[in-house]
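Dropping query_8.txt in here (compact mmCIF, C-alpha atoms):
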```txt
# COMPACT_ATOMS: atom_id res chain seq x y z
CA ARG A 1 158.14 42.96 135.74
CA ALA A 2 161.90 43.40 135.94
CA MET A 3 162.15 42.62 132.24
CA LEU A 4 159.82 45.53 131.49
CA TYR A 5 162.48 47.87 132.87
CA VAL A 6 165.19 46.15 130.85
CA ARG A 7 163.15 46.30 127.65
CA ASP A 8 162.29 49.95 128.26
CA ILE A 9 165.84 51.30 128.58
CA ALA A 10 168.07 48.69 126.91
CA ASN A 11 165.96 46.15 125.05
CA PRO A 12 168.36 43.62 123.44
CA PHE A 13 165.67 41.82 121.42
CA ALA A 14 165.37 42.73 117.74
CA ASP A 15 161.95 41.07 117.39
CA ASP A 16 160.22 42.88 120.28
CA ASN A 17 156.95 44.41 119.05
CA TYR A 18 156.50 46.72 122.03
CA PHE A 19 159.88 48.31 122.83
CA PRO A 20 162.62 49.72 120.55
CA GLN A 21 166.03 48.14 120.68
CA PHE A 22 168.63 49.91 122.88
CA ARG A 23 166.55 53.08 123.23
CA GLN A 24 169.07 55.05 125.30
CA LYS A 25 172.39 53.90 123.84
CA ASP A 26 174.61 55.87 121.49
CA TRP A 27 176.85 53.18 120.03
CA TYR A 28 179.15 55.72 118.40
CA LEU A 29 179.93 57.75 121.53
CA GLY A 30 179.62 54.80 123.89
CA SER A 31 177.46 56.76 126.32
CA SER A 32 173.68 57.09 126.62
CA TRP A 33 171.11 59.86 126.28
CA ALA A 34 168.70 60.46 129.16
CA SER A 35 165.58 60.93 127.01
CA GLY A 36 166.47 58.35 124.39
CA PHE A 37 168.62 58.18 121.28
CA ILE A 38 166.30 60.08 118.93
CA SER A 39 165.18 62.69 121.46
CA ALA A 40 166.33 66.31 121.14
CA ASP A 41 164.28 68.23 123.68
CA THR A 42 166.61 71.20 124.24
CA PRO A 43 168.27 73.79 121.94
CA HIS A 44 171.57 72.03 122.65
CA GLY A 45 170.29 68.62 121.57
CA ARG A 46 170.24 65.40 123.52
CA ASN A 47 171.79 65.30 126.98
CA GLN A 48 172.79 63.09 129.87
CA GLU A 49 173.40 64.15 133.45
CA SER A 50 174.57 61.27 135.65
CA SER A 51 177.03 58.97 133.92
CA SER A 52 177.36 56.84 137.06
CA GLU A 53 173.62 56.20 137.25
CA ALA A 54 173.64 55.03 133.62
CA ILE A 55 176.53 52.70 134.44
CA ALA A 56 174.62 51.30 137.43
CA ALA A 57 171.53 50.71 135.29
CA TYR A 58 173.42 48.58 132.76
CA GLU A 59 175.32 46.82 135.54
CA ALA A 60 171.96 45.88 137.10
CA MET A 61 170.81 44.57 133.74
CA ALA A 62 173.89 42.34 133.46
CA LEU A 63 173.44 41.04 137.02
CA TYR A 64 169.77 40.33 136.43
CA GLY A 65 170.60 38.33 133.30
CA ASP A 66 173.26 36.39 135.21
CA VAL A 67 170.84 35.51 138.01
CA MET A 68 168.16 34.43 135.56
CA ILE A 69 170.58 32.16 133.69
CA ASP A 70 171.24 30.31 136.95
CA ALA A 71 167.53 30.22 137.77
CA PHE A 72 166.58 28.69 134.42
CA ARG A 73 169.40 26.16 134.57
CA ASN A 74 168.42 25.13 138.09
CA ALA A 75 164.89 24.66 136.78
CA GLY A 76 166.24 22.15 134.24
CA GLN A 77 166.00 24.38 131.16
CA GLY A 78 169.70 24.20 130.35
CA VAL A 79 170.65 26.77 127.74
CA THR A 80 167.42 26.62 125.79
CA GLY A 81 164.42 28.94 125.59
CA SER A 82 164.30 31.56 128.31
CA ALA A 83 167.87 30.82 129.37
CA LYS A 84 169.09 31.97 125.95
CA GLU A 85 167.18 35.23 126.36
CA ALA A 86 168.69 35.68 129.82
CA LYS A 87 172.16 35.15 128.36
CA LEU A 88 171.50 37.87 125.78
CA VAL A 89 170.35 40.23 128.56
CA ARG A 90 173.49 39.50 130.56
CA ASN A 91 175.89 39.90 127.63
CA ALA A 92 174.24 43.09 126.37
CA GLY A 93 174.31 44.51 129.90
CA ARG A 94 178.00 43.72 130.30
CA LEU A 95 178.86 45.32 126.98
CA MET A 96 176.87 48.49 127.67
CA THR A 97 178.33 48.76 131.18
CA ALA A 98 181.88 48.58 129.85
CA MET A 99 181.15 51.13 127.13
CA GLU A 100 179.46 53.49 129.58
CA VAL A 101 182.46 53.36 131.93
CA LYS A 102 184.83 54.27 129.11
CA ALA A 103 182.54 57.05 127.93
CA ALA A 104 182.19 58.46 131.46
CA GLN A 105 185.93 58.65 131.83
CA ARG A 106 186.25 60.37 128.48
CA TYR A 107 183.36 62.86 128.58
CA TRP A 108 182.33 63.36 132.25
CA HIS A 109 185.54 62.81 134.22
CA VAL A 110 188.08 65.57 133.68
CA TRP A 111 191.72 64.87 134.55
CA ASN A 112 195.17 64.21 133.14
CA SER A 113 197.55 61.42 134.11
CA THR A 114 200.21 59.23 132.58
CA THR A 115 197.48 56.84 131.43
CA HIS A 116 194.64 59.24 130.66
CA TYR A 117 194.42 62.20 128.30
CA ASN A 118 191.96 64.93 129.19
CA THR A 119 189.26 65.48 126.56
CA TYR A 120 188.68 69.14 127.37
CA PRO A 121 190.83 72.28 126.95
CA ALA A 122 192.84 73.60 129.89
CA THR A 123 190.37 76.47 130.35
CA TYR A 124 187.84 73.97 131.75
CA LYS A 125 189.02 73.59 135.34
CA GLU A 126 186.28 71.47 136.91
CA PRO A 127 186.97 67.76 137.58
CA VAL A 128 183.55 66.76 136.20
CA VAL A 129 181.02 67.67 133.55
CA GLY A 130 177.62 68.02 135.20
CA MET A 131 175.58 67.62 132.03
CA LEU A 132 176.80 66.62 128.60
CA TYR A 133 174.82 67.82 125.58
CA GLU A 134 175.42 67.12 121.93
CA THR A 135 176.82 70.64 121.51
CA MET A 136 177.84 71.67 125.04
CA ALA A 137 179.50 70.47 128.24
CA SER A 138 177.89 72.15 131.24
CA PHE A 139 178.89 72.35 134.91
CA GLN A 140 175.41 72.13 136.42
CA THR A 141 172.52 69.71 136.81
CA TRP A 142 168.83 69.79 136.01
CA PHE A 143 167.94 70.09 139.67
CA SER A 144 170.71 72.39 140.95
CA GLY A 145 173.33 74.88 139.86
CA GLY A 146 175.41 74.13 142.95
CA ASP A 147 178.87 72.65 142.53
CA VAL A 148 178.18 69.87 145.02
CA ALA A 149 175.37 68.47 142.87
CA SER A 150 177.54 68.27 139.75
CA PHE A 151 180.26 66.50 141.72
CA GLY A 152 178.03 64.05 143.57
CA ILE A 153 175.83 63.05 140.65
CA GLN A 154 178.84 61.61 138.81
CA VAL A 155 179.77 59.34 141.74
CA LEU A 156 176.63 57.71 143.11
CA PRO A 157 175.60 54.98 143.58
CA PHE A 158 178.35 52.74 144.99
CA THR A 159 178.22 49.33 143.32
CA PRO A 160 180.91 46.79 142.34
CA VAL A 161 181.55 48.44 138.97
CA SER A 162 182.27 51.76 140.70
CA GLU A 163 185.80 50.46 141.21
CA ARG A 164 186.32 50.52 137.44
CA ASN A 165 184.64 53.90 137.11
CA THR A 166 186.55 55.76 139.83
CA ASP A 167 190.16 56.23 138.77
CA PRO A 168 192.34 57.14 141.81
CA ASP A 169 194.01 60.02 139.93
CA TRP A 170 190.60 61.46 139.06
CA ALA A 171 189.38 60.90 142.63
CA ALA A 172 192.41 62.81 143.92
CA LYS A 173 191.35 65.80 141.84
CA LEU A 174 187.64 65.48 142.59
CA TYR A 175 187.75 64.87 146.35
CA PRO A 176 189.16 68.26 147.50
CA ALA A 177 186.86 70.19 145.16
CA PHE A 178 183.86 68.15 146.33
CA LYS A 179 184.83 68.58 149.99
CA LYS A 180 185.30 72.34 149.56
CA SER A 181 181.90 72.68 147.90
CA CYS A 182 180.30 70.79 150.79
CA GLU A 183 181.96 73.00 153.38
CA SER A 184 180.96 76.19 151.57
CA SER A 185 177.33 75.03 151.36
CA GLY A 186 176.99 75.51 155.12
CA ASN A 187 174.47 74.20 157.67
CA ASP A 188 175.57 70.60 157.16
CA PHE A 189 173.94 70.67 153.74
CA CYS A 190 176.01 67.80 152.36
CA VAL A 191 175.25 65.59 155.34
CA LYS A 192 171.50 66.26 155.37
CA SER A 193 171.12 65.86 151.61
CA GLY A 194 173.22 62.70 151.38
CA TRP A 195 176.17 63.96 149.35
CA SER A 196 178.49 63.20 152.26
CA ILE A 197 178.05 59.50 151.46
CA ALA A 198 179.64 59.97 148.04
CA LEU A 199 182.39 62.01 149.68
CA CYS A 200 183.23 59.10 151.99
CA GLY A 201 183.61 56.74 149.04
CA LEU A 202 185.93 59.14 147.25
CA ARG A 203 188.07 59.51 150.35
CA ALA A 204 188.53 55.76 150.46
CA ALA A 205 189.43 55.69 146.77
CA ILE A 206 192.43 57.96 147.37
CA GLY A 207 193.83 55.72 150.10
CA GLU A 208 192.16 57.06 153.27
CA ARG A 209 189.98 54.07 154.11
CA GLU A 210 190.15 54.39 157.91
CA ASN A 211 189.21 58.06 157.85
CA ALA A 212 186.44 57.34 155.36
CA ILE A 213 185.01 54.63 157.64
CA GLU A 214 184.88 57.05 160.57
CA ASP A 215 183.22 59.66 158.34
CA ALA A 216 180.60 57.14 157.22
CA LYS A 217 179.85 55.96 160.77
CA SER A 218 179.18 59.54 161.81
CA ILE A 219 176.43 60.03 159.18
CA PRO A 220 172.93 60.02 160.75
CA GLU A 221 170.79 57.05 159.76
CA ILE A 222 168.07 59.26 158.30
CA VAL A 223 170.55 60.58 155.71
CA PHE A 224 170.47 57.25 153.90
CA GLU A 225 166.84 58.04 153.00
CA SER A 226 167.65 61.51 151.63
CA PRO A 227 167.62 62.44 147.90
CA GLY A 228 171.39 62.06 147.64
CA GLY A 229 171.62 59.06 149.93
CA ASN A 230 168.76 56.73 149.05
CA GLY A 231 169.87 53.60 147.28
CA HIS A 232 172.71 53.34 149.78
CA SER A 233 172.81 52.04 153.31
CA LEU A 234 175.46 52.26 156.00
CA THR A 235 176.28 48.60 155.34
CA ASN A 236 176.69 49.19 151.61
CA THR A 237 178.79 52.30 152.22
CA LEU A 238 181.11 50.52 154.65
CA TRP A 239 181.41 47.59 152.24
CA TYR A 240 182.44 49.93 149.43
CA ILE A 241 184.94 51.83 151.58
CA SER A 242 186.48 48.67 153.04
CA THR A 243 186.98 47.02 149.67
CA ARG A 244 188.79 49.88 147.96
CA PRO A 245 192.09 48.66 146.50
CA ASP A 246 195.27 49.59 148.31
CA VAL A 247 196.90 52.75 147.05
CA THR A 248 200.64 52.12 147.30
CA GLN A 249 201.27 55.82 147.81
CA GLN A 250 198.51 58.06 149.12
CA MET A 251 197.24 60.14 146.21
CA PRO A 252 198.32 63.80 146.33
CA LEU A 253 195.18 65.89 146.56
CA LYS A 254 194.87 68.37 143.74
CA ASP A 255 192.89 71.33 145.04
CA GLU A 256 192.62 73.47 141.94
CA GLU A 257 190.74 76.74 141.91
CA SER A 258 187.81 76.68 139.55
CA SER A 259 187.33 79.19 136.77
CA MET A 260 183.76 78.01 136.13
CA THR A 261 181.36 79.52 138.67
```
Is it possible to express this structure as structure tokens?
Amino acid sequence: RAMLYVRDIANPFADDNYFPQFRQKDWYLGSSWASGFISADTPHGRNQESSSEAIAAYEAMALYGDVMIDAFRNAGQGVTGSAKEAKLVRNAGRLMTAMEVKAAQRYWHVWNSTTHYNTYPATYKEPVVGMLYETMASFQTWFSGGDVASFGIQVLPFTPVSERNTDPDWAAKLYPAFKKSCESSGNDFCVKSGWSIALCGLRAAIGERENAIEDAKSIPEIVFESPGGNGHSLTNTLWYISTRPDVTQQMPLKDEESSMT
């Protein structure tokens, strides 16, 4: 059953009679398209909203392939038969994960640093692109026009590869904007809807691990079942926060006023 999901979104097998090969992946751009490579269901062409969810999908594919390689070897199949297929799943998943991370940092994450050149003109002030189309970069999502949704959807979920995806310089630009959008939403909106979980992870990424842990521990348990929080748990959130790399100098927060409302 798990292989049905793999074959549906990222089938690596050229001889599969039921699923197309790599249905979502744009090998030229490095990113994926939400409705598939040949889909163009809007006037602006193909689109993708959450780059981080795409990354997590391919990461899961790679991990599944890795686990199945071990399972087949332990069953005495060596590197023959199904084990070879599992190796192809793992390798394709790793490649697509790496490409998706690079594409996210180029097209969805907006910042400048000594090691990263911003793709967009200076007139675009937001630290993220909410939805990327073939002909347009938009600061919104399918389900909400609120700033907090565009910020949060490019961060969740927290998995091991998130460390590669979340550059500390970008996090330093995103965190204050994300935090401000949460505060302006009022009525504990970010907490109740789960976006506060993503905010905790970002705080840890800029060198404030202890504060992020306290923030996470204060989140009500029910929040981890909310639309923005499901897929996480308190344990997973604390693991992610606690394992953030040391930041030798706490990142200066870059609270820039947005021109895109």
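Reported to one decimal place, the separation of CA of Lys25 in chain A from CA of Ala71 in chain A is 27.9 Å.
Comparing the minimum interatomic distances between Tyr64 in chain A and each of A:Asp26, A:Glu85, A:Asp147, A:Glu210, counting only C-alpha atoms, we find that A:Glu85 sits nearest.
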| Residue with smallest distance to Arg106 in chain A - pool A:Ala60, A:Ala86, A:Ile219, A:Val128, counting only C-alpha atoms |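 Ranked by minimum distance to Arg106 in chain A, first place goes to A:Val128.
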| field | Residue nearest Ala34 in chain A - candidates A:Glu126, A:Ala172, A:Trp142, A:Phe19, atoms counted: all atoms listed in the file | value |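 Distance minimum relative to Ala34 in chain A lands on A:Trp142.
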Neighbour list for Glu59 in chain A as a PDB file with C-alpha atoms, in the frame of the given file, cut-off 7 Å, all atoms listed in the file, skip fewer than 5 positions in-chain:
```pdb
ATOM      1  CA  GLY A  93     174.310  44.510 129.900  1.00  0.00           C
ATOM      2  CA  ARG A  94     178.000  43.720 130.300  1.00  0.00           C
ATOM      3  CA  THR A  97     178.330  48.760 131.180  1.00  0.00           C
TER       4      THR A  97
END
```
| Between CA of Met3 in chain A and CA of Asp15 in chain A - distance in Å to one decimal |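 If I compute the distance from CA of Asp15 in chain A to CA of Met3 in chain A, I get 14.9 Å.
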Generate N, CA, C and O atoms for range 181-204 of chain A and emit them as an mmCIF file, in the frame of the given file.
```cif
data_model
loop_
_atom_site.group_PDB
_atom_site.id
_atom_site.type_symbol
_atom_site.label_atom_id
_atom_site.label_comp_id
_atom_site.auth_asym_id
_atom_site.auth_seq_id
_atom_site.Cartn_x
_atom_site.Cartn_y
_atom_site.Cartn_z
ATOM 1 N N SER A 181 183.265 72.262 148.253
ATOM 2 C CA SER A 181 181.900 72.680 147.900
ATOM 3 C C SER A 181 180.919 72.321 149.011
ATOM 4 O O SER A 181 179.961 73.047 149.274
ATOM 5 N N CYS A 182 181.149 71.176 149.663
ATOM 6 C CA CYS A 182 180.300 70.790 150.790
ATOM 7 C C CYS A 182 180.458 71.764 151.947
ATOM 8 O O CYS A 182 179.479 72.205 152.548
ATOM 9 N N GLU A 183 181.693 72.101 152.258
ATOM 10 C CA GLU A 183 181.960 73.000 153.380
ATOM 11 C C GLU A 183 181.383 74.390 153.122
ATOM 12 O O GLU A 183 180.866 75.038 154.036
ATOM 13 N N SER A 184 181.459 74.850 151.889
ATOM 14 C CA SER A 184 180.960 76.190 151.570
ATOM 15 C C SER A 184 179.438 76.236 151.497
ATOM 16 O O SER A 184 178.854 77.320 151.537
ATOM 17 N N SER A 185 178.789 75.067 151.406
ATOM 18 C CA SER A 185 177.330 75.030 151.360
ATOM 19 C C SER A 185 176.712 75.394 152.701
ATOM 20 O O SER A 185 175.593 75.902 152.763
ATOM 21 N N GLY A 186 177.432 75.118 153.791
ATOM 22 C CA GLY A 186 176.990 75.510 155.120
ATOM 23 C C GLY A 186 175.840 74.689 155.661
ATOM 24 O O GLY A 186 175.173 73.935 154.946
ATOM 25 N N ASN A 187 175.605 74.829 156.987
ATOM 26 C CA ASN A 187 174.470 74.200 157.670
ATOM 27 C C ASN A 187 174.380 72.694 157.438
ATOM 28 O O ASN A 187 173.290 72.136 157.340
ATOM 29 N N ASP A 188 175.542 72.049 157.353
ATOM 30 C CA ASP A 188 175.570 70.600 157.160
ATOM 31 C C ASP A 188 174.770 70.147 155.951
ATOM 32 O O ASP A 188 174.173 69.059 155.942
ATOM 33 N N PHE A 189 174.751 70.972 154.920
ATOM 34 C CA PHE A 189 173.940 70.670 153.740
ATOM 35 C C PHE A 189 174.305 69.316 153.140
ATOM 36 O O PHE A 189 173.433 68.517 152.790
ATOM 37 N N CYS A 190 175.593 69.050 152.994
ATOM 38 C CA CYS A 190 176.010 67.800 152.360
ATOM 39 C C CYS A 190 175.614 66.579 153.178
ATOM 40 O O CYS A 190 175.293 65.530 152.613
ATOM 41 N N VAL A 191 175.651 66.712 154.490
ATOM 42 C CA VAL A 191 175.250 65.590 155.340
ATOM 43 C C VAL A 191 173.749 65.358 155.215
ATOM 44 O O VAL A 191 173.288 64.239 154.953
ATOM 45 N N LYS A 192 172.956 66.408 155.371
ATOM 46 C CA LYS A 192 171.500 66.260 155.370
ATOM 47 C C LYS A 192 170.962 65.799 154.020
ATOM 48 O O LYS A 192 169.963 65.087 153.960
ATOM 49 N N SER A 193 171.613 66.211 152.945
ATOM 50 C CA SER A 193 171.120 65.860 151.610
ATOM 51 C C SER A 193 171.724 64.583 151.058
ATOM 52 O O SER A 193 171.347 64.128 149.977
ATOM 53 N N GLY A 194 172.682 63.992 151.776
ATOM 54 C CA GLY A 194 173.220 62.700 151.380
ATOM 55 C C GLY A 194 174.509 62.729 150.569
ATOM 56 O O GLY A 194 175.106 61.679 150.316
ATOM 57 N N TRP A 195 174.959 63.901 150.168
ATOM 58 C CA TRP A 195 176.170 63.960 149.350
ATOM 59 C C TRP A 195 177.412 63.537 150.129
ATOM 60 O O TRP A 195 178.422 63.143 149.540
ATOM 61 N N SER A 196 177.341 63.603 151.447
ATOM 62 C CA SER A 196 178.490 63.200 152.260
ATOM 63 C C SER A 196 178.801 61.716 152.095
ATOM 64 O O SER A 196 179.938 61.282 152.312
ATOM 65 N N ILE A 197 177.813 60.926 151.691
ATOM 66 C CA ILE A 197 178.050 59.500 151.460
ATOM 67 C C ILE A 197 179.006 59.311 150.285
ATOM 68 O O ILE A 197 179.957 58.529 150.349
ATOM 69 N N ALA A 198 178.746 60.045 149.208
ATOM 70 C CA ALA A 198 179.640 59.970 148.040
ATOM 71 C C ALA A 198 181.031 60.459 148.399
ATOM 72 O O ALA A 198 182.045 59.933 147.911
ATOM 73 N N LEU A 199 181.093 61.464 149.268
ATOM 74 C CA LEU A 199 182.390 62.010 149.680
ATOM 75 C C LEU A 199 183.199 60.966 150.434
ATOM 76 O O LEU A 199 184.424 60.867 150.260
ATOM 77 N N CYS A 200 182.543 60.171 151.257
ATOM 78 C CA CYS A 200 183.230 59.100 151.990
ATOM 79 C C CYS A 200 183.858 58.089 151.027
ATOM 80 O O CYS A 200 184.996 57.643 151.219
ATOM 81 N N GLY A 201 183.090 57.699 150.005
ATOM 82 C CA GLY A 201 183.610 56.740 149.040
ATOM 83 C C GLY A 201 184.823 57.265 148.296
ATOM 84 O O GLY A 201 185.787 56.526 148.051
ATOM 85 N N LEU A 202 184.793 58.532 147.931
ATOM 86 C CA LEU A 202 185.930 59.140 147.250
ATOM 87 C C LEU A 202 187.158 59.176 148.154
ATOM 88 O O LEU A 202 188.285 58.965 147.701
ATOM 89 N N ARG A 203 186.942 59.470 149.425
ATOM 90 C CA ARG A 203 188.070 59.510 150.350
ATOM 91 C C ARG A 203 188.753 58.155 150.448
ATOM 92 O O ARG A 203 189.980 58.059 150.515
ATOM 93 N N ALA A 204 187.955 57.104 150.440
ATOM 94 C CA ALA A 204 188.530 55.760 150.460
ATOM 95 C C ALA A 204 189.305 55.460 149.186
ATOM 96 O O ALA A 204 190.337 54.786 149.205
#
```
